[in-house]
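Asker: Structure in structure tokens, see below.
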Amino acid sequence: MIGVVASIALALYLRSYVPLLGVGAWLLSLRDRDLGLLGFSVYVLYLANSVPIETVYFYIPAVESLAVALSVVLLLEDVLKRSKKVEGIEAVLSLIVLGGALFPELLVAGAVVYLLTKLRLDYVALSIALFLPVVLILFEGNLNIRGGSSLQAGMISAFAVFVMAYGLTRVNVKKVKVFNLGMEKEQR
Amino acid sequence: MDREEVILLTALILMLEGYLAENVLPAVMALFLSLYAASLRRSVSLSLEASIEIPESMEEGKWYSGKLRVSNEGSAVRVSLVLESDAFEVDLPDKVLVPSGSSWEGSFGIRPLRKGEFKLDSLGLIAEDERGLYWEFFSLPPVRVSVYPSVDAIKEAAKIDRNLRLAEFYRAGKLFGAESLEIRDLREYQYGDDFKRIDWKATARLGELIVREFLKEENADVYIFLDNTREMRKGIKRAKIDYASVLVVQVASALIKKYRVGLVVYDELSADILNPGRGGVQLEAIRRRLGLRGEAGEASLRFSFETSLSEKAKAFLGKVIPLRKGRRGLKGLFEALTLLKNPSFIILVTDLSNPGEVYRAVSLALKRHRVLILSPNPVLFYSRKLDRESLKRLYRAYEEREALIKRFNLLAPTIDLGPSDYIREIAKVV
């Protein structure tokens, strides 16, 4: 439920209805996880387009982009888990995240703490991601220019691709198909 | 497409969106989604220890409760039980969440749909991580189960069609109970009476056919011989042994009130004998011996007495190649016949697929016992697709079979049975 709270907090902060569509995706997931996942994908693409951020070299846009990205991850966690229960630590962190309606830093902090407790973060992937700010600082002259949004997006995307490629190198994991299609056959 | 792939594809589209729309936010979102997916994938650990308890002996068509114990040694998972078997119906609980490092114990319903001996080796658990992205199959140790015919199934089958030919025999009172030499009465000849019973002196005196009626000894033993050779066990949809087992229980249940009924199940090599007895306990014992199972395969539809080998060739092969199952003879049937001490009444249930041996055995048996043959007709049990070739083959087999039945009828009363012939008449007459 923390993802739903984060979406509401984000909607209040941005004064936009768009993050509230995330609640719809979560409700869909309660009916069917795959429908919820597809709804989430559509929501995320729409949300990304509705909040323009031109640069991450300034504090407020950087914090806002972190808040939006982390709220999306929290919502994905809720969509996949499909849980309506709120555990002890989640309730406390939900309150902190709700504070993100006024201060996006609270949303970021609450989200980071929650994800650190729930996920066993892969340190290699994390290191790759943490190297990004170093690269951004090193190449500020080339990236923080007029019309440099695409360049910054490209640089960040490159790191995302590295993380993705690293994450996919693990083998021998059976993956659940969308709508369980083909799973029974594979199981035999 | 996998659920994980949906997440990664969304991230890729976000990267593209960010670059094309000159917006940094989508790229940041894509980075965090990739981090999330990578962490999940590399940290997932599906590891279960499980045990299952199912009753070893079950009655066909009845629901039983099984127990499942699961111990989770990995990440939190949702567990579901899987059983792939067309012989069982399973009522399973919904996916159960088993947190990391904990155990769960629960029960489920299982109902056998067919009788026989089964080895459940397709039992297993599917463990899915709590986010529904990854899964693993854990197989459980195989379980052996015996399923015996249910009383209800037999009663249900007994309501279907009558066997008129058997009704005639029983109406005539010819078959049950060995007859003593003491004459009970003289009466007029009736259609179907044995010519040997005609009392010629009385006939000459009275001017019409008169027959002798002997006293019946109703304390003779009745043995039901059930053919459990390979040909009887073959079947595509339904093996002859399935039908024969139901038939045996019906016959036994009809006779057991008045006679001591025993059971002999024989195959190519040996025979299993249940000594005769009366009452419900004996009937239950007979029923439990009938957990016989058919096997997939098409019946040979060969009814010829003759073989392609000469006696000399058979003797030579017998010395060179040792006796193996199904290679030669019905050792079990002959062995069983030698074990019958007293003159008895034998009901032989066989498809006559080994006619030469059965004929010799019955001829031998008739020296001391009375015999009735109930024979499921393999032609009537044919369940494959009917086309031109198979119809020709079936017609030839049917003609051979008719000749065979005639030949056996010269020896002992032989009744040809199809899948829908059941012996309701016995219950009426007896």
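Here's how to read the names in the structure tokens: chain A, B, ... by the order shown, residue numbers from 1 in each chain, ligand numbers from 1 in the order shown.
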Enumerate the residues of region 180-286 of chain B with a DSSP assignment of strand (DSSP E or B), computed from the backbone, and present them as a PyMOL selection string.
Answerer: chain B and resi 180-188+198+210-217+221-227+234-235+260-266+271-277
Asker: Starting from chain B, keep only residues with some atom at most 8 Å from an atom of chain A, counting only C-alpha atoms, and report them as a ChimeraX atom specification.
Answerer: /B:1-4,6-8,10,13-15,17-43,130-137
Asker: Residues within 9 Å of Ala9 (chain A), please, as a list in words. Count only C-alpha atoms; anything in the same chain fewer than 3 positions from it doesn't count.
Answerer: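 Near Ala9 (chain A), the qualifying residues are Val4, Val5, Ala6, Leu12, Tyr13, Leu14, Pro19, Val97, Leu98, Gly99, Gly100, Ala101, Leu102, Pro104 and Leu107 of chain A.
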Asker: What separation in Å, quoted to one decimal, exists between CA of Gly277 (chain B) and CA of Ser150 (chain B)?
Answerer: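 Computing it gives 20.6 Å between the two atoms.
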Asker: Excluding Gly61 (chain B) and its own-chain neighbours fewer than 3 positions away, which residues fall within 6 Å of it when counting only C-alpha atoms? Please give them as a list in words.
Answerer: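 With the cut-off at 6 Å, the set is Arg111, Pro112 and Leu113 of chain B.
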Asker: Write to file, as an mmCIF file, in the first residue's frame, the residues of the selection just made, with C-alpha atoms.
Answerer:
data_model
loop_
_atom_site.group_PDB
_atom_site.id
_atom_site.type_symbol
_atom_site.label_atom_id
_atom_site.label_comp_id
_atom_site.auth_asym_id
_atom_site.auth_seq_id
_atom_site.Cartn_x
_atom_site.Cartn_y
_atom_site.Cartn_z
ATOM 1 C CA ARG B 111 -10.557 -38.992 -5.256
ATOM 2 C CA PRO B 112 -9.580 -42.046 -7.326
ATOM 3 C CA LEU B 113 -11.517 -42.293 -10.594
#
Asker: Write down as a PyMOL selection string the residues belonging to region 20-145 of chain A that are assigned alpha helix (DSSP H) by DSSP computed on the backbone.
Answerer: chain A and resi 21-31+33-50+59-81+88-98+104-118+123-138+140-143
Asker: Name the closest residue to Ala91 (chain A) among the candidates A:Leu136, A:Leu75, A:Phe58, A:Gly110; distances are taken between atoms, counting only C-alpha atoms.
Answerer: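 The shortest atom-to-atom distance to Ala91 (chain A) comes from A:Gly110.
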